[in-house]
file final21.txt (compact mmCIF, C-alpha atoms)
# COMPACT_ATOMS: atom_id res chain seq x y z
CA MET F 10 17.34 -7.31 54.40
CA THR F 11 15.84 -6.63 51.01
CA ALA F 12 17.14 -8.76 48.20
CA VAL F 13 18.36 -6.91 45.15
CA ALA F 14 17.29 -8.34 41.85
CA PRO F 15 20.25 -9.20 39.66
CA ALA F 16 20.80 -7.22 36.53
CA SER F 17 19.39 -8.78 33.42
CA THR F 18 21.80 -11.06 31.66
CA ALA F 19 19.72 -11.50 28.52
CA PRO F 20 21.84 -11.55 25.40
CA LEU F 21 22.09 -8.47 23.28
CA GLU F 22 20.33 -10.31 20.45
CA ASP F 23 17.07 -10.25 22.46
CA ASP F 24 16.84 -6.51 21.96
CA PRO F 25 14.50 -6.06 18.93
CA VAL F 26 16.34 -2.97 17.75
CA VAL F 27 19.71 -4.73 17.76
CA ALA F 28 18.20 -7.85 16.19
CA ALA F 29 16.72 -5.79 13.34
CA LYS F 30 20.05 -4.14 12.69
CA ARG F 31 21.82 -7.48 12.51
CA TRP F 32 19.75 -8.44 9.47
CA ARG F 33 21.10 -5.53 7.48
CA THR F 34 24.07 -7.35 5.95
CA PRO F 35 22.11 -10.43 4.70
CA ILE F 36 19.48 -8.16 3.17
CA ILE F 37 22.11 -6.05 1.37
CA LEU F 38 23.92 -9.16 0.12
CA ALA F 39 20.64 -10.64 -1.17
CA VAL F 40 19.66 -7.45 -2.99
CA VAL F 41 23.08 -7.13 -4.63
CA ALA F 42 23.06 -10.81 -5.66
CA LEU F 43 19.58 -10.52 -7.19
CA LEU F 44 20.57 -7.38 -9.09
CA SER F 45 23.66 -9.22 -10.36
CA LEU F 46 21.52 -12.13 -11.50
CA VAL F 47 19.06 -9.90 -13.35
CA VAL F 48 21.51 -7.36 -14.84
CA PHE F 49 24.67 -9.38 -15.44
CA GLY F 50 23.23 -12.89 -15.78
CA LEU F 51 19.87 -12.59 -17.51
CA GLY F 52 20.99 -9.35 -19.14
CA SER F 53 23.81 -11.05 -21.07
CA VAL F 54 23.30 -12.23 -24.63
CA ALA F 55 23.27 -16.01 -25.05
CA GLY F 56 26.16 -17.38 -27.09
CA GLU F 57 28.66 -14.58 -26.41
CA ILE F 58 32.11 -15.33 -25.04
CA THR F 59 34.32 -13.50 -22.52
CA SER F 60 38.11 -13.98 -22.64
CA PHE F 61 40.21 -13.97 -19.47
CA SER F 62 43.99 -13.67 -19.17
CA ILE F 63 45.93 -14.37 -15.95
CA SER F 64 49.59 -14.81 -16.98
CA ARG F 65 52.56 -12.71 -18.05
CA SER F 66 55.28 -13.80 -20.45
CA THR F 67 57.91 -13.38 -17.70
CA ASP F 68 56.23 -15.78 -15.25
CA PHE F 69 57.74 -19.16 -14.38
CA PHE F 70 54.98 -20.75 -16.42
CA THR F 71 52.15 -19.30 -18.44
CA VAL F 72 48.46 -20.11 -18.56
CA ASP F 73 46.78 -19.67 -21.91
CA THR F 74 43.96 -17.19 -22.27
CA PHE F 75 40.67 -19.01 -21.68
CA ASP F 76 37.17 -18.30 -22.91
CA LEU F 77 33.97 -18.67 -20.89
CA PRO F 78 30.32 -18.36 -21.96
CA SER F 79 29.36 -14.93 -20.73
CA ARG F 80 25.74 -15.54 -19.76
CA THR F 81 26.30 -18.89 -18.07
CA THR F 82 29.31 -17.57 -16.14
CA ALA F 83 27.43 -14.50 -14.92
CA ILE F 84 24.39 -16.57 -13.87
CA VAL F 85 26.46 -19.16 -12.00
CA ALA F 86 28.52 -16.46 -10.23
CA SER F 87 25.34 -14.60 -9.25
CA LEU F 88 23.74 -17.80 -7.92
CA VAL F 89 26.85 -18.44 -5.82
CA ALA F 90 26.52 -14.92 -4.40
CA LEU F 91 22.82 -15.53 -3.71
CA ALA F 92 23.67 -18.75 -1.88
CA LEU F 93 26.19 -16.85 0.24
CA ALA F 94 23.52 -14.28 1.07
CA ALA F 95 21.24 -17.12 2.19
CA TYR F 96 24.02 -18.57 4.31
CA SER F 97 24.58 -15.15 5.87
CA ALA F 98 20.89 -15.00 6.76
CA TRP F 99 21.12 -18.48 8.30
CA THR F 100 24.07 -17.47 10.46
CA VAL F 101 22.11 -14.47 11.72
CA SER F 102 19.12 -16.64 12.56
CA GLN F 103 21.42 -18.97 14.49
CA SER F 104 23.29 -16.09 16.19
CA ARG F 105 26.55 -17.18 14.61
CA LYS F 106 29.35 -15.27 12.93
CA ALA F 107 29.85 -15.98 9.26
CA GLY F 108 33.55 -15.10 9.21
CA TRP F 109 35.61 -12.76 7.07
CA TRP F 110 35.67 -15.22 4.16
CA LEU F 111 32.00 -14.70 3.30
CA PRO F 112 32.15 -11.05 2.11
CA VAL F 113 35.42 -11.83 0.31
CA VAL F 114 33.97 -14.76 -1.65
CA PHE F 115 30.75 -12.83 -2.21
CA GLY F 116 32.66 -9.88 -3.66
CA ILE F 117 34.69 -12.17 -5.93
CA SER F 118 31.48 -13.77 -7.23
CA ILE F 119 29.85 -10.43 -8.01
CA MET F 120 33.00 -9.13 -9.69
CA PHE F 121 33.27 -12.28 -11.80
CA ALA F 122 29.67 -11.85 -12.93
CA LEU F 123 30.32 -8.19 -13.75
CA LEU F 124 33.48 -8.93 -15.72
CA ALA F 125 31.81 -11.77 -17.64
CA TRP F 126 28.98 -9.42 -18.61
CA ALA F 127 31.21 -6.42 -19.42
CA GLY F 128 33.67 -8.45 -21.53
CA ALA F 129 31.06 -10.32 -23.52
CA GLY F 130 31.62 -10.25 -27.27
CA ARG F 131 34.68 -7.97 -27.09
CA GLY F 132 36.63 -9.96 -29.68
CA ALA F 133 40.39 -9.75 -29.14
CA THR F 134 40.04 -7.79 -25.88
CA ASP F 135 40.79 -9.88 -22.79
CA ILE F 136 39.95 -9.31 -19.15
CA GLN F 137 43.39 -8.94 -17.57
CA ILE F 138 42.92 -10.48 -14.13
CA THR F 139 46.54 -10.04 -13.05
CA GLY F 140 46.60 -6.45 -14.26
CA LEU F 141 43.36 -5.74 -12.42
CA LEU F 142 44.70 -7.10 -9.12
CA THR F 143 48.06 -5.38 -9.56
CA GLY F 144 46.28 -2.11 -10.19
CA ALA F 145 44.21 -2.64 -7.04
CA VAL F 146 47.36 -2.95 -4.91
CA VAL F 147 49.11 0.01 -6.52
CA LEU F 148 46.10 2.32 -6.42
CA SER F 149 45.45 1.45 -2.79
CA VAL F 150 48.85 2.79 -1.65
CA PRO F 151 47.77 6.36 -0.77
CA LEU F 152 44.57 4.99 0.73
CA VAL F 153 46.51 2.63 2.98
CA PHE F 154 48.87 5.35 4.22
CA GLY F 155 45.95 7.73 4.73
CA ALA F 156 43.94 5.11 6.63
CA LEU F 157 46.95 4.23 8.80
CA SER F 158 47.35 7.92 9.58
CA GLY F 159 43.76 7.99 10.77
CA VAL F 160 44.29 4.86 12.88
CA VAL F 161 47.35 6.30 14.64
CA CYS F 162 45.60 9.61 15.37
CA GLU F 163 42.17 8.35 16.34
CA ARG F 164 43.50 5.57 18.55
CA SER F 165 44.90 8.38 20.71
CA GLY F 166 41.65 10.39 20.59
CA ILE F 167 42.32 12.89 17.77
CA ILE F 168 39.99 12.89 14.76
CA ASN F 169 42.14 13.42 11.68
CA ILE F 170 39.96 14.94 8.96
CA ALA F 171 43.09 16.59 7.52
CA ILE F 172 44.34 13.42 5.78
CA GLU F 173 43.47 14.94 2.41
CA GLY F 174 45.66 17.97 3.13
CA GLN F 175 48.50 15.81 4.46
CA LEU F 176 48.48 13.68 1.30
CA LEU F 177 48.47 16.78 -0.90
CA ALA F 178 51.26 18.44 1.09
CA GLY F 179 53.35 15.27 0.84
CA ALA F 180 52.80 15.09 -2.91
CA PHE F 181 53.81 18.74 -3.33
CA LEU F 182 56.99 18.66 -1.26
CA ALA F 183 58.05 15.32 -2.75
CA ALA F 184 57.76 16.78 -6.25
CA VAL F 185 59.59 20.00 -5.38
CA VAL F 186 62.45 18.43 -3.42
CA GLY F 187 62.78 15.53 -5.84
CA SER F 188 62.90 17.90 -8.81
CA ALA F 189 65.36 20.26 -7.10
CA THR F 190 67.75 17.43 -6.27
CA GLY F 191 67.05 15.35 -9.35
CA ASN F 192 66.45 12.33 -7.12
CA ALA F 193 63.00 10.83 -6.58
CA TYR F 194 64.13 9.01 -3.45
CA ILE F 195 65.10 12.27 -1.74
CA GLY F 196 61.65 13.56 -2.62
CA LEU F 197 60.22 10.44 -1.00
CA VAL F 198 62.10 11.29 2.20
CA ALA F 199 60.76 14.86 2.12
CA ALA F 200 57.11 13.83 1.74
CA PRO F 201 56.49 12.79 5.37
CA ILE F 202 58.00 16.08 6.57
CA ALA F 203 55.22 18.00 4.82
CA GLY F 204 52.58 15.72 6.30
CA ALA F 205 54.10 16.06 9.76
CA LEU F 206 53.93 19.87 9.51
CA VAL F 207 50.20 19.68 8.80
CA GLY F 208 49.90 17.23 11.68
CA MET F 209 51.64 19.72 13.97
CA LEU F 210 49.08 22.38 13.11
CA LEU F 211 46.28 19.92 13.78
CA ALA F 212 47.80 18.99 17.15
CA LEU F 213 48.37 22.65 18.07
CA PHE F 214 44.78 23.73 17.62
CA THR F 215 43.08 20.57 18.90
CA VAL F 216 45.27 19.72 21.88
CA LYS F 217 46.43 23.12 23.11
CA TYR F 218 43.51 25.35 22.15
CA TRP F 219 40.70 22.74 22.26
CA VAL F 220 39.29 23.78 18.88
CA ASN F 221 36.73 21.41 17.37
CA GLN F 222 38.77 18.70 15.72
CA ILE F 223 36.53 18.21 12.69
CA VAL F 224 36.43 21.95 11.96
CA VAL F 225 40.23 22.23 12.24
CA GLY F 226 40.70 19.27 9.91
CA VAL F 227 38.44 20.78 7.25
CA VAL F 228 40.16 24.17 7.56
CA LEU F 229 43.59 22.57 7.20
CA ASN F 230 42.47 20.78 4.05
CA VAL F 231 41.32 24.07 2.55
CA LEU F 232 44.55 25.76 3.69
CA VAL F 233 46.80 23.17 2.07
CA ILE F 234 44.79 23.28 -1.15
CA GLY F 235 45.06 27.07 -1.24
CA VAL F 236 48.79 27.16 -0.46
CA THR F 237 49.72 24.44 -2.97
CA ASN F 238 47.55 26.02 -5.68
CA PHE F 239 49.23 29.39 -5.08
CA LEU F 240 52.73 27.91 -5.16
CA PHE F 241 51.86 25.85 -8.21
CA GLY F 242 50.65 28.92 -10.07
CA THR F 243 53.68 31.02 -9.14
CA LEU F 244 56.75 29.10 -8.05
CA LEU F 245 56.38 25.89 -10.09
CA ARG F 246 55.19 27.48 -13.32
CA GLU F 247 57.97 30.06 -13.29
CA SER F 248 60.60 27.41 -12.60
CA GLY F 249 59.99 24.19 -14.48
CA ASN F 250 63.00 22.64 -12.80
CA LEU F 251 61.00 22.37 -9.58
CA ASN F 252 58.23 20.21 -11.03
CA LYS F 253 59.71 17.42 -13.10
CA ASN F 254 58.34 14.04 -14.03
CA LEU F 255 60.43 11.84 -11.78
CA GLY F 256 59.84 8.18 -11.07
CA MET F 257 61.11 5.32 -8.97
CA ALA F 258 62.05 2.10 -10.71
CA ASP F 259 60.29 -1.13 -9.88
CA LEU F 260 62.25 -3.44 -7.59
CA PRO F 261 61.07 -6.99 -8.37
CA ILE F 262 61.89 -9.49 -5.63
CA PRO F 263 63.87 -12.38 -7.13
CA VAL F 264 61.96 -15.64 -7.57
CA LEU F 265 58.80 -14.35 -5.85
CA SER F 266 58.04 -11.87 -8.62
CA LYS F 267 57.94 -14.69 -11.18
CA ILE F 268 55.09 -16.58 -9.52
CA PRO F 269 51.98 -16.30 -11.71
CA ILE F 270 49.38 -13.82 -10.41
CA ILE F 271 50.89 -13.56 -6.91
CA GLY F 272 54.30 -12.39 -8.14
CA PRO F 273 53.29 -9.30 -10.14
CA VAL F 274 50.49 -8.44 -7.70
CA LEU F 275 52.62 -8.42 -4.53
CA PHE F 276 56.34 -8.59 -5.35
CA ASP F 277 57.02 -6.45 -8.42
CA HIS F 278 56.64 -2.84 -7.29
CA ASN F 279 58.63 0.24 -6.37
CA LEU F 280 59.98 1.09 -2.94
CA LEU F 281 56.85 2.90 -1.72
CA VAL F 282 54.70 -0.23 -2.02
CA TYR F 283 57.20 -2.24 0.03
CA LEU F 284 57.27 0.54 2.60
CA MET F 285 53.49 0.20 2.80
CA TYR F 286 53.87 -3.49 3.71
CA ILE F 287 56.45 -2.61 6.37
CA VAL F 288 54.43 0.21 7.95
CA VAL F 289 51.30 -1.96 8.16
CA ALA F 290 53.25 -4.78 9.82
CA ILE F 291 55.01 -2.47 12.29
CA LEU F 292 51.84 -0.67 13.33
CA SER F 293 49.92 -3.95 13.68
CA VAL F 294 52.52 -5.19 16.16
CA MET F 295 53.18 -1.91 17.94
CA LEU F 296 49.54 -0.97 18.54
CA PHE F 297 48.50 -4.29 20.05
CA LYS F 298 51.70 -5.98 21.25
CA SER F 299 53.79 -3.18 22.76
CA ARG F 300 53.81 -0.86 25.74
CA TRP F 301 53.57 2.14 23.43
CA GLY F 302 50.43 0.75 21.80
CA LEU F 303 48.83 0.03 25.17
CA ARG F 304 49.42 3.63 26.25
CA VAL F 305 48.06 5.02 22.98
CA ARG F 306 44.90 2.93 23.23
CA ALA F 307 44.47 3.87 26.88
CA VAL F 308 44.66 7.57 26.00
CA GLY F 309 42.05 7.11 23.27
CA GLU F 310 39.68 5.06 25.42
CA HIS F 311 39.94 6.58 28.91
CA PRO F 312 42.36 9.51 29.16
CA THR F 313 41.53 10.25 32.81
CA ALA F 314 42.45 6.72 33.87
CA ALA F 315 45.59 6.90 31.73
CA ASP F 316 46.59 10.15 33.42
CA THR F 317 46.19 8.65 36.89
CA VAL F 318 48.83 6.01 36.11
CA GLY F 319 51.32 8.58 34.86
CA ILE F 320 50.67 8.60 31.09
CA LYS F 321 51.02 12.08 29.56
CA VAL F 322 47.75 12.26 27.68
CA ASN F 323 48.22 15.44 25.67
CA ARG F 324 51.86 14.68 24.92
CA THR F 325 50.85 11.28 23.57
CA ARG F 326 48.16 12.84 21.42
CA VAL F 327 50.51 15.45 19.99
CA ARG F 328 53.14 12.87 19.11
CA ASN F 329 50.62 10.54 17.51
CA THR F 330 49.04 13.33 15.49
CA ILE F 331 52.43 14.35 14.10
CA LEU F 332 53.31 10.71 13.41
CA GLY F 333 49.98 10.21 11.66
CA GLY F 334 50.59 13.29 9.53
CA ALA F 335 54.02 11.96 8.54
CA ILE F 336 52.51 8.62 7.50
CA ALA F 337 49.90 10.36 5.35
CA GLY F 338 52.56 12.63 3.85
CA LEU F 339 54.55 9.56 2.85
CA GLY F 340 51.47 8.28 1.06
CA GLY F 341 51.24 11.59 -0.78
CA ALA F 342 54.50 10.79 -2.55
CA PHE F 343 52.52 8.21 -4.53
CA PHE F 344 50.93 10.94 -6.62
CA THR F 345 54.24 12.42 -7.79
CA VAL F 346 57.65 10.77 -7.42
CA ALA F 347 56.32 7.23 -6.98
CA SER F 348 54.15 7.47 -10.11
CA GLY F 349 56.49 9.46 -12.30
CA LEU F 350 54.16 12.46 -12.42
CA ALA F 351 54.63 16.18 -11.93
CA PHE F 352 52.57 17.93 -9.27
CA GLY F 353 49.13 19.16 -10.30
CA LYS F 354 46.44 21.19 -8.57
CA GLU F 355 44.31 19.16 -6.13
CA MET F 356 45.69 15.95 -7.61
CA THR F 357 44.67 13.90 -4.56
CA ALA F 358 41.02 14.32 -5.67
CA GLY F 359 39.36 13.30 -2.42
CA THR F 360 41.63 10.34 -1.67
CA GLY F 361 41.94 11.42 1.95
CA PHE F 362 38.22 11.08 2.54
CA ILE F 363 38.14 7.60 0.97
CA ALA F 364 41.05 6.75 3.29
CA LEU F 365 38.91 7.85 6.24
CA ALA F 366 36.20 5.46 5.06
CA ALA F 367 38.80 2.68 4.79
CA MET F 368 39.87 3.36 8.38
CA ILE F 369 36.28 3.08 9.61
CA LEU F 370 35.56 -0.04 7.54
CA GLY F 371 38.78 -1.52 8.88
CA ARG F 372 37.57 -0.88 12.46
CA TRP F 373 40.53 1.28 13.43
CA ARG F 374 43.00 -1.59 12.94
CA PRO F 375 46.02 -1.52 10.57
CA MET F 376 45.23 -4.86 8.91
CA GLY F 377 41.58 -3.98 8.59
CA ALA F 378 42.48 -0.61 7.09
CA LEU F 379 44.77 -2.38 4.61
CA GLY F 380 41.99 -4.72 3.49
CA ALA F 381 39.46 -1.92 3.15
CA ALA F 382 41.91 0.29 1.23
CA VAL F 383 42.68 -2.55 -1.20
CA LEU F 384 38.92 -2.95 -1.70
CA PHE F 385 38.59 0.69 -2.68
CA GLY F 386 41.75 0.44 -4.80
CA PHE F 387 40.15 -2.48 -6.60
CA ALA F 388 37.11 -0.32 -7.34
CA ILE F 389 39.38 2.29 -8.96
CA ALA F 390 41.27 -0.37 -10.94
CA LEU F 391 37.98 -1.92 -12.02
CA LYS F 392 36.83 1.45 -13.34
CA ASP F 393 40.01 1.68 -15.45
CA GLN F 394 39.70 -1.93 -16.67
CA LEU F 395 36.09 -1.48 -17.74
CA GLY F 396 37.03 1.68 -19.59
CA ILE F 397 39.79 -0.15 -21.47
CA ILE F 398 37.61 -3.04 -22.64
CA GLY F 399 34.83 -0.69 -23.74
CA SER F 400 32.20 -1.54 -21.16
CA PRO F 401 28.57 -0.63 -21.94
CA ILE F 402 28.47 1.20 -18.60
CA PRO F 403 28.52 4.99 -19.23
CA SER F 404 31.84 6.67 -18.41
CA GLN F 405 30.14 8.96 -15.89
CA PHE F 406 29.04 5.95 -13.84
CA LEU F 407 32.50 4.43 -14.11
CA ALA F 408 33.98 7.61 -12.65
CA MET F 409 31.52 7.33 -9.76
CA LEU F 410 32.37 3.68 -9.02
CA PRO F 411 35.07 4.20 -6.32
CA TYR F 412 32.87 6.64 -4.41
CA ILE F 413 29.79 4.44 -4.71
CA ALA F 414 31.83 1.53 -3.36
CA THR F 415 32.93 3.73 -0.45
CA ILE F 416 29.37 4.71 0.46
CA PHE F 417 27.99 1.17 0.25
CA ALA F 418 30.90 -0.34 2.16
CA VAL F 419 30.67 2.10 5.05
CA ALA F 420 26.85 2.17 5.14
CA GLY F 421 26.28 -1.55 4.77
CA LEU F 422 29.32 -3.42 6.05
CA VAL F 423 30.62 -1.47 9.04
CA GLY F 424 27.92 -2.82 11.35
CA HIS F 425 28.41 -1.88 15.00
CA ALA F 426 32.04 -0.76 14.77
CA ARG F 427 32.84 1.41 17.76
CA PRO F 428 35.45 4.17 17.57
CA PRO F 429 37.75 4.92 20.52
CA ALA F 430 35.59 6.19 23.37
CA ALA F 431 37.46 9.49 23.87
CA GLU F 432 37.76 10.29 20.17
CA GLY F 433 37.21 13.98 19.49
CA ILE F 434 37.06 14.92 23.17
CA PRO F 435 39.84 17.30 24.30
CA TYR F 436 41.57 16.45 27.56
CA LYS F 437 41.45 19.63 29.59
CA LYS F 438 44.00 19.59 32.37

call {"tool": "encode", "arguments": {"input": "final21.txt", "output": "structure tokens"}}
result
Amino acid sequence: MTAVAPASTAPLEDDPVVAAKRWRTPIILAVVALLSLVVFGLGSVAGEITSFSISRSTDFFTVDTFDLPSRTTAIVASLVALALAAYSAWTVSQSRKAGWWLPVVFGISIMFALLAWAGAGRGATDIQITGLLTGAVVLSVPLVFGALSGVVCERSGIINIAIEGQLLAGAFLAAVVGSATGNAYIGLVAAPIAGALVGMLLALFTVKYWVNQIVVGVVLNVLVIGVTNFLFGTLLRESGNLNKNLGMADLPIPVLSKIPIIGPVLFDHNLLVYLMYIVVAILSVMLFKSRWGLRVRAVGEHPTAADTVGIKVNRTRVRNTILGGAIAGLGGAFFTVASGLAFGKEMTAGTGFIALAAMILGRWRPMGALGAAVLFGFAIALKDQLGIIGSPIPSQFLAMLPYIATIFAVAGLVGHARPPAAEGIPYKK
């Protein structure tokens, strides 16, 4: 009897291609840290001061504004980032995982160096740390809802490129219904209905007629833009009562909202932000701790196997696509009733595509999507903060900052993230 040689059990790291790819993150971190050292550290003028403020007058206790030497602060922060890059390289050489804390601390170090350099010699202008973090949370709201929409859809095997259109539809219907009723909260309830309708169209063409999911998503985005632009130019302009500036009041949580930094950042917002917390928590539990989540993941990974045990594959995909559209539509309310703004043409401005990047960076997990969306929200808030303090960075580059952050995050930090195996593949039965 001929003996059969066992399959090779050599670790994946022995593959030279995989090993080369694993060095990507340390190299990127080292390059960014060196650029920070040269531009922000050595590029600062010796003797200048940067002022930082972290407290509000309504906090339990206040911390006085403090000054730091700009050049020294930027150099030290850049050296810390460089040390973290070296540690990342060491973990790769030892085939170890660095942990989620490393990119977080690295990002904080780079941002501190940037802020120290940008705020140098600005006189009475302070770097508002609490305002910057609060802005990051608030501006991440539509990104979080959009990313969660993508997670719900793609976990069941449907690629949702139509997040941009779902956000825009939610913003439009929220503004119209809220203005017609004079109640922003009713507009908030209407927003997910608009997103669900776009989700129904996506499910119809992708599940029933097997149309290419990416093509359908792009077409739906164009369709929603065209319909909302037409209605804006006719219906809303002729009747100003259907496009009012409505807003939802902040609902500070007693005691918690008074904690310095943490309070205003997490516990002093309007209802939509708290709904974001709730939706993230519910989806995190339901997707990985419930029977429903097991079925959804089975449909997205191996629909044939799921069908053999009695799971209705296409029904599950349709329901998830509609649910995902409703979640994105709810996020669209951020642009109108949740922000106190009237509806404007194409006011989502590509947010849906950044949300898709957040979903990928978050590895198709609700908590990961939340973290990635907050990262992109921070990039937007940073752009606004640098514009306020009069940064030497040209305004055109500031406007590009959120999109640059999206490209670098997805290209350099995603690594070997694997989407659901059956994503984008219609189940023909």

call {"tool": "atom_distance", "arguments": {"input": "final21.txt", "atom1": "atom CA of F:Gly52", "atom2": "atom CA of F:Ile84"}}
result
9.6 Å

call {"tool": "closest_residue", "arguments": {"input": "final21.txt", "among": "F:Ala83, F:Ile268, F:Ala431, F:Met120", "to": "F:Gly309", "atoms": "all atoms listed in the file"}}
result
F:Ala431

call {"tool": "closest_residue", "arguments": {"input": "final21.txt", "among": "F:Leu157, F:Glu432, F:Glu247, F:Leu280", "to": "F:Ile262", "atoms": "all atoms listed in the file"}}
result
F:Leu280

call {"tool": "closest_residue", "arguments": {"input": "final21.txt", "among": "F:Val233, F:Gly380, F:Ala127, F:Thr243", "to": "F:Val113", "atoms": "all atoms listed in the file"}}
result
F:Gly380

call {"tool": "closest_residue", "arguments": {"input": "final21.txt", "among": "F:Ala92, F:Val101, F:Ile119, F:Leu391", "to": "F:Leu44", "atoms": "all atoms listed in the file"}}
result
F:Ile119

call {"tool": "atom_distance", "arguments": {"input": "final21.txt", "atom1": "atom CA of F:Ala193", "atom2": "atom CA of F:Asp393"}}
result
26.3 Å

call {"tool": "closest_residue", "arguments": {"input": "final21.txt", "among": "F:Gly196, F:Pro112, F:Gly333, F:Pro78", "to": "F:Asn169", "atoms": "all atoms listed in the file"}}
result
F:Gly333

call {"tool": "atom_distance", "arguments": {"input": "final21.txt", "atom1": "atom CA of F:Met257", "atom2": "atom CA of F:Gly349"}}
result
7.0 Å

call {"tool": "residues_around", "arguments": {"input": "final21.txt", "residues": "F:Asn238", "least_positions_apart": "4", "cutoff": "12 Å", "atoms": "all atoms listed in the file", "output": "list of chain:residue names"}}
result
F:Leu177, F:Ala178, F:Phe181, F:Val231, F:Leu232, F:Val233, F:Ile234, F:Gly242, F:Thr243, F:Leu244, F:Leu245, F:Arg246, F:Phe352, F:Gly353, F:Lys354, F:Glu355, F:Met356

call {"tool": "residues_near_point", "arguments": {"input": "final21.txt", "point": "(45.7, 0.9, 5.6)", "cutoff": "7 Å", "atoms": "only C-alpha atoms", "output": "PyMOL selection string"}}
result
chain F and resi 152-157+289+368+375-376+378-379+382

call {"tool": "closest_residue", "arguments": {"input": "final21.txt", "among": "F:Leu51, F:Leu46, F:Val89, F:Ala337", "to": "F:Ala200", "atoms": "all atoms listed in the file"}}
result
F:Ala337

call {"tool": "residues_around", "arguments": {"input": "final21.txt", "residues": "F:Leu255", "least_positions_apart": "4", "cutoff": "12 Å", "atoms": "only C-alpha atoms", "output": "PyMOL selection string"}}
result
chain F and resi 183-197+250-251+342-352

call {"tool": "residues_around", "arguments": {"input": "final21.txt", "residues": "F:Val228", "least_positions_apart": "6", "cutoff": "10 Å", "atoms": "only C-alpha atoms", "output": "list in words"}}
result
Ile170, Ala171, Gly174, Leu211, Gln222 and Ile234 of chain F

call {"tool": "build_atoms", "arguments": {"input": "final21.txt", "residues": "stretch 203-214 of chain F", "atoms": "N, CA and C atoms", "output": "PDB file, in the coordinates of the input"}}
result
ATOM      1  N   ALA F 203      56.362  17.118   5.110  1.00  0.00           N
ATOM      2  CA  ALA F 203      55.220  18.000   4.820  1.00  0.00           C
ATOM      3  C   ALA F 203      53.984  17.533   5.569  1.00  0.00           C
ATOM      4  N   GLY F 204      53.737  16.227   5.574  1.00  0.00           N
ATOM      5  CA  GLY F 204      52.580  15.720   6.300  1.00  0.00           C
ATOM      6  C   GLY F 204      52.685  15.955   7.795  1.00  0.00           C
ATOM      7  N   ALA F 205      53.901  15.821   8.333  1.00  0.00           N
ATOM      8  CA  ALA F 205      54.100  16.060   9.760  1.00  0.00           C
ATOM      9  C   ALA F 205      53.840  17.516  10.123  1.00  0.00           C
ATOM     10  N   LEU F 206      54.194  18.448   9.233  1.00  0.00           N
ATOM     11  CA  LEU F 206      53.930  19.870   9.510  1.00  0.00           C
ATOM     12  C   LEU F 206      52.424  20.139   9.593  1.00  0.00           C
ATOM     13  N   VAL F 207      51.656  19.530   8.711  1.00  0.00           N
ATOM     14  CA  VAL F 207      50.200  19.680   8.800  1.00  0.00           C
ATOM     15  C   VAL F 207      49.688  19.021  10.077  1.00  0.00           C
ATOM     16  N   GLY F 208      50.274  17.878  10.439  1.00  0.00           N
ATOM     17  CA  GLY F 208      49.900  17.230  11.680  1.00  0.00           C
ATOM     18  C   GLY F 208      50.208  18.078  12.900  1.00  0.00           C
ATOM     19  N   MET F 209      51.304  18.815  12.851  1.00  0.00           N
ATOM     20  CA  MET F 209      51.640  19.720  13.970  1.00  0.00           C
ATOM     21  C   MET F 209      50.589  20.803  14.125  1.00  0.00           C
ATOM     22  N   LEU F 210      50.130  21.362  13.020  1.00  0.00           N
ATOM     23  CA  LEU F 210      49.080  22.380  13.110  1.00  0.00           C
ATOM     24  C   LEU F 210      47.790  21.786  13.682  1.00  0.00           C
ATOM     25  N   LEU F 211      47.468  20.578  13.251  1.00  0.00           N
ATOM     26  CA  LEU F 211      46.280  19.920  13.780  1.00  0.00           C
ATOM     27  C   LEU F 211      46.407  19.700  15.286  1.00  0.00           C
ATOM     28  N   ALA F 212      47.579  19.231  15.721  1.00  0.00           N
ATOM     29  CA  ALA F 212      47.800  18.990  17.150  1.00  0.00           C
ATOM     30  C   ALA F 212      47.772  20.299  17.946  1.00  0.00           C
ATOM     31  N   LEU F 213      48.327  21.363  17.369  1.00  0.00           N
ATOM     32  CA  LEU F 213      48.370  22.650  18.070  1.00  0.00           C
ATOM     33  C   LEU F 213      46.973  23.148  18.402  1.00  0.00           C
ATOM     34  N   PHE F 214      46.102  23.156  17.411  1.00  0.00           N
ATOM     35  CA  PHE F 214      44.780  23.730  17.620  1.00  0.00           C
ATOM     36  C   PHE F 214      43.847  22.799  18.390  1.00  0.00           C
TER      37      PHE F 214
END
